[in-house]
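Engineer: Below is run.tsv; it holds TSV, C-alpha atoms.
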chain	number	residue	atom	x	y	z
A	1	VAL	CA	165.98	118.38	80.89
A	2	PHE	CA	165.58	118.88	84.63
A	3	SER	CA	167.49	117.65	87.65
A	4	PRO	CA	165.98	114.60	89.39
A	5	ASN	CA	163.18	115.37	91.91
A	6	THR	CA	162.64	118.84	90.42
A	7	ASP	CA	159.04	119.96	89.94
A	8	LEU	CA	158.05	121.02	86.46
A	9	PRO	CA	157.99	124.85	86.38
A	10	SER	CA	154.50	126.30	86.50
A	11	SER	CA	155.24	128.39	83.40
A	12	VAL	CA	155.18	125.21	81.28
A	13	TYR	CA	151.54	124.56	82.19
A	14	LYS	CA	150.58	127.99	80.87
A	15	SER	CA	152.14	127.48	77.42
A	16	ASP	CA	148.93	127.14	75.45
A	17	CYS	CA	150.79	127.83	72.19
A	18	LEU	CA	152.87	124.64	72.44
A	19	ILE	CA	152.43	122.07	69.66
A	20	SER	CA	155.10	119.59	70.78
A	21	LEU	CA	156.42	119.05	74.33
A	22	ASN	CA	159.25	116.75	75.45
A	23	ILE	CA	159.98	116.53	79.18
A	24	TYR	CA	162.97	114.78	80.77
A	25	ARG	CA	163.45	113.93	84.46
A	26	CYS	CA	161.10	115.89	86.66
A	27	ASN	CA	158.09	115.58	88.98
A	28	LEU	CA	154.50	116.22	87.97
A	29	SER	CA	152.23	117.02	90.90
A	30	LEU	CA	148.54	117.79	91.00
A	31	GLN	CA	149.17	120.81	93.19
A	32	ASN	CA	151.22	122.57	90.53
A	33	ILE	CA	148.68	121.81	87.82
A	34	THR	CA	145.61	122.92	89.72
A	35	SER	CA	147.27	126.10	90.86
A	36	THR	CA	148.08	127.09	87.28
A	37	LYS	CA	145.23	125.34	85.42
A	38	ALA	CA	147.15	123.53	82.69
A	39	HIS	CA	146.54	124.87	79.19
A	40	PHE	CA	147.73	122.64	76.33
A	41	SER	CA	144.93	123.49	73.94
A	42	ARG	CA	147.17	123.19	70.84
A	43	LEU	CA	149.44	120.38	71.96
A	44	LYS	CA	149.69	117.47	69.51
A	45	SER	CA	152.76	115.58	70.71
A	46	LEU	CA	153.69	114.84	74.34
A	47	ARG	CA	156.75	112.74	75.22
A	48	LEU	CA	157.72	112.15	78.84
A	49	TYR	CA	161.05	110.56	79.80
A	50	ALA	CA	161.87	109.46	83.38
A	51	VAL	CA	159.06	111.64	84.71
A	52	LYS	CA	157.60	110.94	88.14
A	53	PHE	CA	153.83	111.34	88.56
A	54	ALA	CA	152.39	112.08	91.98
A	55	ASP	CA	149.49	109.76	91.01
A	56	GLU	CA	147.26	108.90	88.05
A	57	HIS	CA	145.08	111.97	88.69
A	58	VAL	CA	147.93	114.06	87.31
A	59	PHE	CA	147.83	112.00	84.13
A	60	ASN	CA	144.06	112.47	83.84
A	61	MET	CA	144.35	116.22	84.38
A	62	ILE	CA	146.98	116.55	81.65
A	63	MET	CA	144.89	114.46	79.25
A	64	ARG	CA	141.86	116.67	79.77
A	65	SER	CA	143.99	119.70	78.93
A	66	CYS	CA	145.17	118.22	75.58
A	67	PRO	CA	142.05	117.93	73.39
A	68	TYR	CA	144.05	117.68	70.13
A	69	ILE	CA	146.83	115.33	71.22
A	70	THR	CA	147.83	112.81	68.50
A	71	THR	CA	151.06	111.30	69.89
A	72	MET	CA	151.83	110.32	73.46
A	73	LEU	CA	154.93	108.55	74.83
A	74	PHE	CA	155.82	107.53	78.38
A	75	LYS	CA	159.33	106.10	78.85
A	76	GLU	CA	160.58	104.91	82.24
A	77	CYS	CA	158.03	107.05	84.06
A	78	GLU	CA	157.04	106.37	87.68
A	79	GLY	CA	153.87	106.73	89.72
A	80	LEU	CA	151.32	105.51	87.19
A	81	LYS	CA	149.30	102.72	88.79
A	82	THR	CA	146.35	102.77	86.40
A	83	VAL	CA	146.18	104.34	82.95
A	84	THR	CA	142.60	104.30	81.72
A	85	TRP	CA	142.53	105.10	78.05
A	86	VAL	CA	139.14	106.57	77.15
A	87	ARG	CA	137.88	107.53	73.71
A	88	HIS	CA	140.25	110.40	72.99
A	89	LYS	CA	139.15	111.99	69.76
A	90	TYR	CA	142.48	112.58	67.97
A	91	LEU	CA	145.03	110.28	69.61
A	92	LYS	CA	146.72	108.01	67.04
A	93	HIS	CA	150.02	106.84	68.59
A	94	PHE	CA	150.44	105.58	72.16
A	95	THR	CA	153.76	104.28	73.58
A	96	PHE	CA	154.40	103.12	77.15
A	97	ILE	CA	157.86	101.74	77.98
A	98	ASN	CA	158.93	100.47	81.40
A	99	HIS	CA	162.07	98.33	81.65
A	100	ARG	CA	162.29	98.45	85.46
A	101	THR	CA	161.83	94.85	86.55
A	102	HIS	CA	160.88	95.64	90.16
A	103	ASP	CA	157.65	97.46	89.23
A	104	ARG	CA	156.88	95.99	85.81
A	105	ASN	CA	153.45	94.81	86.98
A	106	GLU	CA	152.64	97.94	88.99
A	107	CYS	CA	150.88	99.77	86.15
A	108	ASN	CA	147.56	98.65	84.69
A	109	ILE	CA	146.76	99.98	81.22
A	110	ARG	CA	143.10	99.87	80.24
A	111	ILE	CA	142.21	100.54	76.62
A	112	HIS	CA	138.56	101.23	75.86
A	113	PHE	CA	136.79	100.68	72.54
A	114	PRO	CA	136.23	102.21	70.12
A	115	THR	CA	139.53	104.01	69.57
A	116	LEU	CA	141.25	105.81	66.68
A	117	LEU	CA	144.68	104.56	67.72
A	118	ARG	CA	146.93	103.51	64.83
A	119	THR	CA	149.94	102.29	66.84
A	120	ILE	CA	150.09	100.76	70.33
A	121	ASP	CA	153.54	99.95	71.73
A	122	ILE	CA	153.57	98.82	75.37
A	123	VAL	CA	156.51	97.39	77.33
A	124	GLY	CA	156.28	96.27	80.96
A	125	SER	CA	152.77	96.49	82.42
A	126	ARG	CA	149.49	94.72	82.88
A	127	ILE	CA	146.91	95.25	80.18
A	128	LEU	CA	143.15	95.08	79.79
A	129	PHE	CA	141.03	95.62	76.67
A	130	LEU	CA	137.53	96.83	77.50
A	131	GLY	CA	134.24	97.60	75.80
A	132	GLY	CA	134.55	95.82	72.45
A	133	HIS	CA	136.51	93.68	70.04
A	134	LYS	CA	137.25	95.88	67.04
A	135	PHE	CA	140.19	98.19	66.27
A	136	ASP	CA	139.16	99.90	63.04
A	137	ASN	CA	142.33	101.98	62.59
A	138	LEU	CA	145.11	100.06	64.33
A	139	LYS	CA	148.09	99.18	62.11
A	140	ILE	CA	150.75	98.23	64.67
A	141	LEU	CA	150.19	96.41	67.97
A	142	SER	CA	153.33	95.56	69.96
A	143	LEU	CA	153.15	94.08	73.48
A	144	ASP	CA	156.42	93.31	75.29
A	145	TRP	CA	156.85	92.00	78.85
A	146	ILE	CA	153.09	92.23	79.37
A	147	GLU	CA	151.32	90.40	82.17
A	148	PHE	CA	148.05	88.93	80.92
A	149	SER	CA	145.22	87.85	83.16
A	150	ARG	CA	142.13	85.89	82.22
A	151	PHE	CA	140.36	89.27	82.12
A	152	SER	CA	142.81	90.87	79.67
A	153	PHE	CA	140.83	89.63	76.67
A	154	ASP	CA	137.24	88.61	76.16
A	155	CYS	CA	137.67	85.39	74.18
A	156	SER	CA	133.95	84.93	73.55
A	157	SER	CA	134.33	86.49	70.08
A	158	SER	CA	137.06	87.40	67.60
A	159	TYR	CA	139.16	90.53	67.97
A	160	GLU	CA	138.97	92.35	64.67
A	161	PHE	CA	141.89	94.33	63.20
A	162	PRO	CA	140.85	95.21	59.62
A	163	LEU	CA	144.00	97.34	58.97
A	164	LEU	CA	146.55	95.63	61.23
A	165	GLU	CA	149.92	95.06	59.52
A	166	THR	CA	152.26	94.17	62.41
A	167	LEU	CA	151.42	92.11	65.51
A	168	THR	CA	154.09	91.46	68.16
A	169	PHE	CA	154.02	89.49	71.42
A	170	LYS	CA	157.39	89.34	73.20
A	171	CYS	CA	157.99	87.68	76.55
A	172	CYS	CA	154.34	88.07	77.56
A	173	HIS	CA	153.19	86.10	80.60
A	174	GLY	CA	149.84	84.59	81.48
A	175	TRP	CA	148.83	82.75	78.29
A	176	THR	CA	148.09	79.65	80.37
A	177	ARG	CA	145.40	81.58	82.26
A	178	PHE	CA	143.15	81.79	79.20
A	179	ASP	CA	140.24	79.37	79.36
A	180	GLN	CA	139.65	79.81	75.61
A	181	ILE	CA	141.71	80.45	72.50
A	182	LEU	CA	142.20	84.09	71.53
A	183	ASN	CA	140.73	84.43	68.04
A	184	ILE	CA	142.11	87.22	65.83
A	185	THR	CA	140.85	88.57	62.52
A	186	ALA	CA	143.60	90.46	60.68
A	187	PRO	CA	143.27	90.13	56.88
A	188	LYS	CA	146.09	92.62	56.09
A	189	LEU	CA	148.70	91.25	58.46
A	190	VAL	CA	152.22	91.22	56.93
A	191	ARG	CA	154.33	90.45	60.02
A	192	PHE	CA	153.65	88.37	63.11
A	193	LEU	CA	156.32	88.08	65.80
A	194	TYR	CA	156.16	85.92	68.92
A	195	VAL	CA	158.90	85.36	71.51
A	196	GLY	CA	158.21	83.42	74.68
A	197	ARG	CA	158.57	80.36	76.87
A	198	SER	CA	155.04	79.05	76.40
A	199	VAL	CA	153.11	78.46	73.19
A	200	PRO	CA	150.36	81.11	72.87
A	201	SER	CA	146.71	80.10	72.78
A	202	LEU	CA	145.66	82.03	69.69
A	203	THR	CA	144.39	81.46	66.19
A	204	PHE	CA	143.51	83.55	63.13
A	205	ALA	CA	139.98	83.62	61.78
A	206	THR	CA	141.13	84.59	58.29
A	207	PRO	CA	143.77	82.67	56.30
A	208	MET	CA	147.14	84.39	56.23
A	209	SER	CA	148.78	85.29	52.93
A	210	ARG	CA	152.18	84.15	51.69
A	211	GLN	CA	153.22	87.82	51.89
A	212	CYS	CA	152.95	87.56	55.67
A	213	ARG	CA	156.12	86.62	57.56
A	214	SER	CA	155.70	84.84	60.89
A	215	GLU	CA	158.67	84.68	63.28
A	216	ILE	CA	158.24	82.32	66.23
A	217	SER	CA	160.88	81.92	68.97
A	218	LEU	CA	160.10	79.34	71.66
A	219	ARG	CA	161.84	77.50	74.45
A	220	CYS	CA	161.32	73.76	74.26
A	221	ARG	CA	160.63	73.19	77.93
A	222	GLY	CA	157.83	72.81	80.42
A	223	ASP	CA	156.12	70.46	82.84
A	224	ASP	CA	154.20	68.76	80.05
A	225	PRO	CA	156.27	68.47	76.83
A	226	GLN	CA	153.46	66.49	75.25
A	227	THR	CA	151.13	69.49	75.51
A	228	TRP	CA	153.93	71.80	74.33
A	229	PHE	CA	154.24	69.98	70.98
A	230	VAL	CA	150.47	69.74	70.52
A	231	LYS	CA	150.09	73.50	71.13
A	232	LEU	CA	152.97	74.21	68.75
A	233	SER	CA	151.22	72.16	66.08
A	234	GLY	CA	148.06	74.23	66.56
A	235	LEU	CA	149.98	77.50	66.32
A	236	LEU	CA	151.83	76.45	63.15
A	237	HIS	CA	148.56	75.44	61.53
A	238	ALA	CA	147.10	78.86	62.42
A	239	LEU	CA	150.10	80.46	60.66
A	240	GLY	CA	150.34	77.83	57.92
A	241	GLN	CA	149.60	80.13	54.99
A	242	SER	CA	152.39	82.56	55.90
A	243	GLU	CA	156.16	82.28	55.52
A	244	ILE	CA	157.29	80.82	58.86
A	245	LEU	CA	160.62	81.25	60.60
A	246	LEU	CA	160.70	78.96	63.65
A	247	ARG	CA	163.38	79.23	66.35
A	248	VAL	CA	163.48	76.49	68.98
A	249	TYR	CA	165.65	76.81	72.08
A	250	GLN	CA	166.21	73.50	73.86
A	251	LEU	CA	168.11	74.85	76.85
A	252	ASP	CA	167.23	72.23	79.45
A	253	PRO	CA	167.69	68.44	79.13
A	254	TYR	CA	164.18	67.73	80.43
A	255	ASP	CA	162.73	64.27	80.01
A	256	ILE	CA	161.50	64.13	76.43
A	257	HIS	CA	160.89	60.37	76.70
A	258	ASN	CA	157.54	60.71	78.45
A	259	ILE	CA	155.72	61.91	75.31
A	260	ASN	CA	152.91	59.55	74.47
A	261	GLU	CA	153.44	58.70	70.78
A	262	PRO	CA	149.89	57.44	70.05
A	263	TYR	CA	148.51	60.63	71.56
A	264	ILE	CA	150.76	62.75	69.33
A	265	ASP	CA	149.78	60.74	66.26
A	266	ASN	CA	146.08	61.22	66.99
A	267	ILE	CA	146.32	64.97	67.51
A	268	ILE	CA	148.91	65.99	64.93
A	269	ILE	CA	147.48	64.84	61.60
A	270	GLU	CA	149.10	67.26	59.16
A	271	HIS	CA	152.53	68.83	59.01
A	272	VAL	CA	153.12	72.49	58.14
A	273	GLU	CA	155.78	73.88	55.81
A	274	VAL	CA	158.37	76.00	57.64
A	275	GLU	CA	160.66	78.18	55.54
A	276	LEU	CA	163.52	78.23	58.07
A	277	LEU	CA	164.15	76.32	61.30
A	278	GLU	CA	166.81	77.65	63.67
A	279	LEU	CA	168.00	75.60	66.64
A	280	THR	CA	169.72	76.10	69.96
A	281	ILE	CA	170.80	72.73	71.32
A	282	GLY	CA	171.17	72.38	75.08
A	283	ASN	CA	171.54	68.60	75.36
A	284	LEU	CA	172.80	66.58	72.39
A	285	PRO	CA	171.72	63.09	73.58
A	286	SER	CA	168.07	64.12	73.93
A	287	PHE	CA	167.92	66.49	70.98
A	288	PRO	CA	167.24	63.80	68.31
A	289	ARG	CA	163.94	63.15	70.03
A	290	VAL	CA	163.13	66.86	69.96
A	291	LEU	CA	163.90	66.98	66.24
A	292	ASN	CA	161.82	63.88	65.66
A	293	ARG	CA	158.79	65.55	67.27
A	294	LEU	CA	159.41	68.76	65.32
A	295	PHE	CA	159.58	66.87	62.00
A	296	THR	CA	156.32	65.15	62.93
A	297	ILE	CA	154.47	68.46	63.00
A	298	CYS	CA	156.40	70.55	60.45
A	299	ARG	CA	158.50	70.24	57.28
A	300	PRO	CA	161.39	72.76	57.32
A	301	ARG	CA	162.83	73.74	53.94
A	302	LYS	CA	166.01	75.05	55.55
A	303	ILE	CA	167.76	74.45	58.86
A	304	GLY	CA	170.33	77.01	59.89
A	305	HIS	CA	171.97	78.99	62.70
A	306	VAL	CA	172.52	75.97	64.93
A	307	ARG	CA	173.84	77.00	68.33
A	308	GLY	CA	174.68	75.30	71.59
A	309	GLY	CA	177.29	74.55	74.22
A	310	GLU	CA	179.49	72.57	71.85
A	311	SER	CA	181.60	74.04	69.05
A	312	GLN	CA	179.93	75.02	65.79
A	313	ASN	CA	181.67	72.15	63.96
A	314	GLU	CA	180.41	69.58	66.47
A	315	LEU	CA	176.85	70.85	66.24
A	316	THR	CA	176.73	70.95	62.44
A	317	GLU	CA	178.34	67.50	62.21
A	318	PHE	CA	175.78	66.15	64.67
A	319	LEU	CA	172.90	67.61	62.68
A	320	CYS	CA	174.38	66.41	59.40
A	321	ASN	CA	174.64	62.84	60.71
A	322	PHE	CA	171.12	62.99	62.08
A	323	LEU	CA	169.62	64.15	58.78
A	324	MET	CA	171.67	62.13	56.33
A	325	LYS	CA	172.81	58.97	58.13
A	326	SER	CA	170.31	58.13	60.82
A	327	SER	CA	168.62	54.78	60.16
A	328	ASP	CA	166.79	54.45	63.46
A	329	THR	CA	163.26	53.09	62.88
A	330	GLU	CA	162.00	55.63	65.41
A	331	PHE	CA	162.47	58.33	62.76
A	332	SER	CA	160.88	56.42	59.87
A	333	SER	CA	157.69	58.53	60.03
A	334	TRP	CA	159.48	61.51	58.45
A	335	LYS	CA	162.60	59.85	57.03
A	336	GLU	CA	160.63	58.26	54.20
A	337	ASP	CA	159.42	61.74	53.12
A	338	LEU	CA	162.88	63.34	53.16
A	339	GLU	CA	164.30	62.94	49.65
A	340	GLU	CA	167.44	65.06	49.71
A	341	VAL	CA	169.65	67.03	52.08
A	342	THR	CA	172.19	69.51	50.74
A	343	ILE	CA	174.75	71.56	52.64
A	344	GLU	CA	175.28	75.27	52.00
A	345	SER	CA	178.09	77.50	53.24
A	346	PHE	CA	177.92	81.28	53.41
A	347	ASP	CA	180.63	83.06	51.43
A	348	ALA	CA	181.52	86.30	53.19
A	349	ASP	CA	183.05	87.75	50.01
A	350	THR	CA	180.13	87.18	47.66
A	351	LYS	CA	177.50	87.45	50.42
A	352	GLN	CA	175.79	84.35	49.04
A	353	TRP	CA	175.02	80.79	50.07
A	354	GLU	CA	176.90	78.16	48.05
A	355	HIS	CA	176.47	74.39	47.83
A	356	VAL	CA	179.30	72.33	49.31
A	357	ALA	CA	179.89	68.58	49.13
A	358	LEU	CA	181.34	68.25	52.65
A	359	LEU	CA	181.19	70.16	55.89
A	360	PRO	CA	183.94	72.80	55.86
A	361	GLU	CA	186.66	72.47	58.45
A	362	SER	CA	186.47	76.12	59.47
A	363	GLU	CA	183.55	77.38	61.54
A	364	LYS	CA	181.66	79.02	58.71
A	365	SER	CA	177.95	79.69	58.71
A	366	ILE	CA	176.26	76.48	57.55
A	367	ARG	CA	172.69	75.68	56.68
A	368	PHE	CA	170.91	72.60	55.35
A	369	GLN	CA	168.47	72.55	52.44
A	370	LEU	CA	165.80	69.86	52.81
A	371	LYS	CA	163.76	68.52	49.91
A	372	TRP	CA	160.65	66.61	50.85
A	373	SER	CA	158.80	64.17	48.62
A	374	GLU	CA	156.16	65.45	46.22
A	375	ASP	CA	153.58	63.18	47.84
A	376	ALA	CA	154.18	64.86	51.18
A	377	ASN	CA	153.92	68.30	49.56
A	378	CYS	CA	150.71	67.37	47.77
A	379	GLU	CA	149.22	66.14	51.04
A	380	GLU	CA	150.14	69.43	52.67
A	381	GLU	CA	148.66	71.48	49.81
A	382	GLU	CA	145.47	69.46	50.01
A	383	SER	CA	145.23	69.93	53.77
A	384	SER	CA	145.93	73.69	53.36
A	385	SER	CA	143.14	73.90	50.80
A	386	LYS	CA	140.81	72.21	53.26
A	387	ARG	CA	141.77	74.72	55.94
A	388	ARG	CA	141.12	77.62	53.56
A	389	ARG	CA	137.66	76.29	52.73
A	390	MET	CA	136.90	76.06	56.44
A	391	PHE	CA	137.25	79.84	56.73
A	392	GLU	CA	135.36	80.73	53.55
Would you mind writing the file's structure down as structure tokens?

Structural biologist:
Amino acid sequence: VFSPNTDLPSSVYKSDCLISLNIYRCNLSLQNITSTKAHFSRLKSLRLYAVKFADEHVFNMIMRSCPYITTMLFKECEGLKTVTWVRHKYLKHFTFINHRTHDRNECNIRIHFPTLLRTIDIVGSRILFLGGHKFDNLKILSLDWIEFSRFSFDCSSSYEFPLLETLTFKCCHGWTRFDQILNITAPKLVRFLYVGRSVPSLTFATPMSRQCRSEISLRCRGDDPQTWFVKLSGLLHALGQSEILLRVYQLDPYDIHNINEPYIDNIIIEHVEVELLELTIGNLPSFPRVLNRLFTICRPRKIGHVRGGESQNELTEFLCNFLMKSSDTEFSSWKEDLEEVTIESFDADTKQWEHVALLPESEKSIRFQLKWSEDANCEEEESSSKRRRMFE
């Protein structure tokens, strides 16, 4: 650990016997490296924390001096404008973390194909994939606070991840810039996580297994709510074979009334089974319409973790009345398929969910079990079978 604005001692660059090197808070300048000719011929792990680079040439010089590097981590480093990742022979794990909001888009990370990387974890940068579409060895790809451009991906063909197990997109920007849908082939995927304001334009070329868990967290907002629901339907169908946890945050009381119902009916033909639906309610008067659209495109088996500005009792009572007592003809499209609604309360002592006849007076954790008609389930199974045959 060095004091801020202290240059890395020249003796470190001469340590050709090092296997692992962790550096905290110092400056890396090209002058010091060239004067000592960096020797990291045995280095396998390099982790840099709050290190300031004079420029990207320093990064390139260090990389050329580490022929056997397998693990590299940059956390809250400064001075890297462009990181061009070439075909490094042994590198398997690459992590770049930048939580500084003022320069989050300053660094451009370019990853060239082919690569032997097994894990990529990037937070806070721009990103560009170059030279191909196939990651033969990648098992974990996590992108957080990434700025996409229309050049980030080449959507002309599918990106292939034959060994990928975990795929994460969190708070990534720029999905609306894609002219085409990003097509992904990941037959061994077991976890997909997406958190964002807009619905991503992506699909999966291979059907997902029931062993895969998909967690989707979205804000129900935007200039065109009609398009938002249509895109959500497309995303849920792409994930339809997996176990889906859907979180919807309705934080703004935007005008949900301008959705064209005939247009929705023509686009959204089939509904997708969702294992758990979690809700954040920002405006109670408009939220029934949001739920109506959601039930048009998906069939949740459970609804839980309802949050909002009102008290927990008010929210659960509102949802209970909506599910069990609403007779509005506007909701008849899904009401006729909903056979039974049961209430469950979480017992803190037994750590289990238990059926209750009435809503408890105390603010306990409540969830609703929804049973849909067999006809609706059969229709969904038939439509899922059709989708599977499309990919075979």

Engineer: Under the rule that all atoms listed in the file are counted, which of A:Leu218, A:Val230, A:Cys66, A:Ile140 is the nearest residue to Arg293 of chain A?

Structural biologist: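 Closest to Arg293 of chain A, using all atoms listed in the file: A:Val230.
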
Engineer: Would you kindly return, as a PyMOL selection string, each protein, DNA or RNA residue with an atom no farther than 9 Å from any atom of segment 94-96 of chain A, considering all atoms listed in the file and excluding same-chain residues fewer than 6 positions away?

Structural biologist: chain A and resi 70-77+117-125

Engineer: Find the residues with any atom within 9 Å of (159.5, 76.1, 71.9); use only C-alpha atoms and the coordinates as given in the file, and write the answer as a PDB file with C-alpha atoms, in the frame of the given file.

Structural biologist:
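To be explicit, this is the file written out as out20.pdb:
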ATOM      1  CA  GLY A 196     158.210  83.420  74.680  1.00  0.00           C
ATOM      2  CA  ARG A 197     158.570  80.360  76.870  1.00  0.00           C
ATOM      3  CA  SER A 198     155.040  79.050  76.400  1.00  0.00           C
ATOM      4  CA  VAL A 199     153.110  78.460  73.190  1.00  0.00           C
ATOM      5  CA  ILE A 216     158.240  82.320  66.230  1.00  0.00           C
ATOM      6  CA  SER A 217     160.880  81.920  68.970  1.00  0.00           C
ATOM      7  CA  LEU A 218     160.100  79.340  71.660  1.00  0.00           C
ATOM      8  CA  ARG A 219     161.840  77.500  74.450  1.00  0.00           C
ATOM      9  CA  CYS A 220     161.320  73.760  74.260  1.00  0.00           C
ATOM     10  CA  ARG A 221     160.630  73.190  77.930  1.00  0.00           C
ATOM     11  CA  TRP A 228     153.930  71.800  74.330  1.00  0.00           C
ATOM     12  CA  PHE A 229     154.240  69.980  70.980  1.00  0.00           C
ATOM     13  CA  LEU A 232     152.970  74.210  68.750  1.00  0.00           C
ATOM     14  CA  LEU A 246     160.700  78.960  63.650  1.00  0.00           C
ATOM     15  CA  ARG A 247     163.380  79.230  66.350  1.00  0.00           C
ATOM     16  CA  VAL A 248     163.480  76.490  68.980  1.00  0.00           C
ATOM     17  CA  TYR A 249     165.650  76.810  72.080  1.00  0.00           C
ATOM     18  CA  GLN A 250     166.210  73.500  73.860  1.00  0.00           C
TER      19      GLN A 250
END

Engineer: Which residues, written as an mmCIF file with C-alpha atoms, in the frame of the given file, have at least one atom at most 8 Å from segment 316-323 of chain A, with all atoms listed in the file counted and residues fewer than 3 positions away on the same chain left out?

Structural biologist:
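Generated file (result04.cif):
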data_model
loop_
_atom_site.group_PDB
_atom_site.id
_atom_site.type_symbol
_atom_site.label_atom_id
_atom_site.label_comp_id
_atom_site.auth_asym_id
_atom_site.auth_seq_id
_atom_site.Cartn_x
_atom_site.Cartn_y
_atom_site.Cartn_z
ATOM 1 C CA PRO A 288 167.240 63.800 68.310
ATOM 2 C CA VAL A 306 172.520 75.970 64.930
ATOM 3 C CA GLN A 312 179.930 75.020 65.790
ATOM 4 C CA ASN A 313 181.670 72.150 63.960
ATOM 5 C CA SER A 326 170.310 58.130 60.820
ATOM 6 C CA VAL A 341 169.650 67.030 52.080
ATOM 7 C CA LEU A 359 181.190 70.160 55.890
ATOM 8 C CA ILE A 366 176.260 76.480 57.550
#

Engineer: With only C-alpha atoms as the basis for distance, which of A:Phe368, A:Trp175, A:Phe295, A:Phe135 is at the shortest distance from Pro200 of chain A?

Structural biologist: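 Of all the options, A:Trp175 lies closest to Pro200 of chain A.
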
Engineer: Report, in Å with one decimal, the straight-line distance from atom CA of Lys81 of chain A to atom CA of Asn60 of chain A.

Structural biologist: 12.1 Å
